[in-house]
Amino acid sequence: MEKETAAVARNRKVVLRGYIDRAPREDDMELVDGGDVALRVPEGAAAAGPAVLVKNLYLSCDPYMRSRMRDFQGSYIPPFKPGSPIEGFGVGRVVDSTHPGFSAGDFVSGMTGWEDYSLITKPEQLRKIQQSDIPLSYHLGLLGMPGFTAYVGFYEICSPKKGEFVFVSAASGAVGQIVGQLAKLHGCYVVGSAGTNQKEKFGFDAAFNYKEEPDLAAALKRYFPEGIDIYFENVGGPILDAVLLNMRVHGRIAVCGMVSQHGVTAPAGIHNLFSLISKRIDMKGFIQSDYLHLFPQFVDDITKHYRDGKIVYVEDMSVGLESGPAAFVGLFSGKNVGKQVVRVSQD
């Protein structure tokens, strides 16, 4: 019996042109025509194990992806391959599946390629999305890795207490906007910093543009005359140096990221580290994937907060796969307001 021919579609890809050791530029990536792709899991892939073919709808731009653009094998996640699609978190619709847990038409989130269609050969890493009143793209931010990072970092690393003083850098980004709102819900005093004046406050007690502050230590003293109990670190560099001078005794610092150091060939050292001793500060780095046992509770808690109107969530949406490089590069100059997402398709 003659086998039915699968439908085909064109598959555009955003590929990395080569490794870099500086801040990313748009021309470090290239939109290429990947030719036709059959809208069916290939027989060879199916023979190797269950696989899922996904049409990508939304792609996430995240600062950690910058570290994958260099030729470095010592990280918790391997580098991208030049000439191959950029990879990141995405939301897509299942086109075909040989995995019993997924069927055509299902919406899923997980690691995917920056392309129109991706063959997922480790479908166990995908999460099925139950359609609801919450937009699909929110599963890349509010209910995705950034939201979970905020949740874990604030509750598990910072161990907050009601009435404490909380400072959040990159406060209008994907993670910072949620951290600050969780802190407010917990009864804390919250100040955020960002790189422009056109940033939302997300209900914080105060916010400031760090680029307009010639003396960051003095600025933090102005906003926190009694000192900082909790610092959620997203930036590094001079802001961290200034924070260390303004921490209170037994303060906590959750080190989520250091976006100021991503494009630096020779990363800056940290000043004022002696404060860790004199003020008995706990400073801890973390990765959200170490806490996946908390993910179901996170989804329940954040979904309830969102539906109750207690959390505001802001996205910065770029339209079209071709807009991906510019959207990603904009992360490192503070162009985005809220979570940066690329809409590939609404289909």
# chains A, B, ... in the order shown; residues from 1 in each chain; ligands from 1
$ residues_around --residues "stretch 99-107 of chain A" --least-positions-apart "5" --cutoff "9 Å" --atoms "only C-alpha atoms" --output "NGL selection string"
:A and (49-54 or 91-94 or 123-124 or 127-131 or 136)
$ residues_around --residues "A:Phe208" --least-positions-apart "3" --cutoff "7 Å" --atoms "only C-alpha atoms" --output "VMD selection string"
chain A and resid 192 to 194
$ select_by_dssp --residues "stretch 2-174 of chain A" --states "strand (DSSP E or B)" --output "PyMOL selection string"
chain A and resi 8-16+29-38+52-60+85+87-97+107-113+115+117-120+127-129+165-168
$ write_last_selection --atoms "C-alpha atoms" --output "compact mmCIF listing (two decimals), in the first residue's frame"
# COMPACT_ATOMS: atom_id res chain seq x y z
CA VAL A 8 5.25 20.35 3.80
CA ALA A 9 5.96 23.93 4.86
CA ARG A 10 8.88 26.34 4.60
CA ASN A 11 11.05 26.49 7.68
CA ARG A 12 12.92 29.73 8.41
CA LYS A 13 15.65 29.66 11.05
CA VAL A 14 17.63 32.22 13.07
CA VAL A 15 21.17 30.81 13.27
CA LEU A 16 24.30 31.85 15.13
CA MET A 29 22.62 36.07 14.04
CA GLU A 30 21.12 35.50 10.62
CA LEU A 31 17.67 34.59 9.31
CA VAL A 32 18.04 31.79 6.76
CA ASP A 33 15.68 29.70 4.66
CA GLY A 34 15.83 26.16 5.98
CA GLY A 35 13.90 24.75 3.03
CA ASP A 36 10.83 22.56 3.19
CA VAL A 37 9.98 20.54 6.27
CA ALA A 38 7.56 17.62 6.21
CA VAL A 52 7.32 15.68 18.72
CA LEU A 53 7.14 18.10 15.79
CA VAL A 54 6.16 21.56 17.01
CA LYS A 55 5.11 24.73 15.21
CA ASN A 56 6.67 27.53 17.24
CA LEU A 57 4.29 30.32 18.21
CA TYR A 58 6.27 32.36 20.78
CA LEU A 59 9.99 32.46 21.59
CA SER A 60 11.60 33.77 24.77
CA PRO A 85 19.32 27.61 15.11
CA GLU A 87 17.75 27.62 21.11
CA GLY A 88 15.59 28.90 23.93
CA PHE A 89 12.31 28.49 25.71
CA GLY A 90 9.26 28.60 23.50
CA VAL A 91 5.55 27.91 23.26
CA GLY A 92 4.27 25.92 20.30
CA ARG A 93 1.51 23.78 18.88
CA VAL A 94 2.08 20.08 18.29
CA VAL A 95 1.85 19.23 14.58
CA ASP A 96 2.72 15.51 14.89
CA SER A 97 3.84 13.24 17.70
CA PHE A 107 -0.03 23.46 23.14
CA VAL A 108 3.35 22.91 24.81
CA SER A 109 6.17 24.89 26.40
CA GLY A 110 9.83 23.96 26.66
CA MET A 111 13.21 24.25 24.97
CA THR A 112 12.90 24.71 21.22
CA GLY A 113 14.70 26.23 18.24
CA GLU A 115 12.65 28.51 13.69
CA TYR A 117 9.10 24.28 13.11
CA SER A 118 11.20 22.27 15.57
CA LEU A 119 11.61 18.52 15.99
CA ILE A 120 11.80 17.85 19.73
CA ARG A 127 5.13 20.71 29.41
CA LYS A 128 1.60 20.49 28.09
CA ILE A 129 -0.32 23.75 28.48
CA PHE A 165 13.45 46.21 53.03
CA VAL A 166 13.88 44.74 49.54
CA PHE A 167 15.87 46.08 46.59
CA VAL A 168 15.46 44.61 43.08
$ closest_residue --among "A:Val152, A:Ala7, A:Ile287, A:Cys61" --to "A:Leu140" --atoms "only C-alpha atoms"
A:Cys61
$ residues_around --residues "A:Ala206" --least-positions-apart "4" --cutoff "9 Å" --atoms "only C-alpha atoms" --output "list of chain:residue names"
A:Tyr189, A:Val190, A:Val191, A:Gly192, A:Ser193, A:Lys201, A:Tyr223
$ residues_around --residues "A:Asn197" --least-positions-apart "2" --cutoff "10 Å" --atoms "only C-alpha atoms" --output "count of residues only"
11
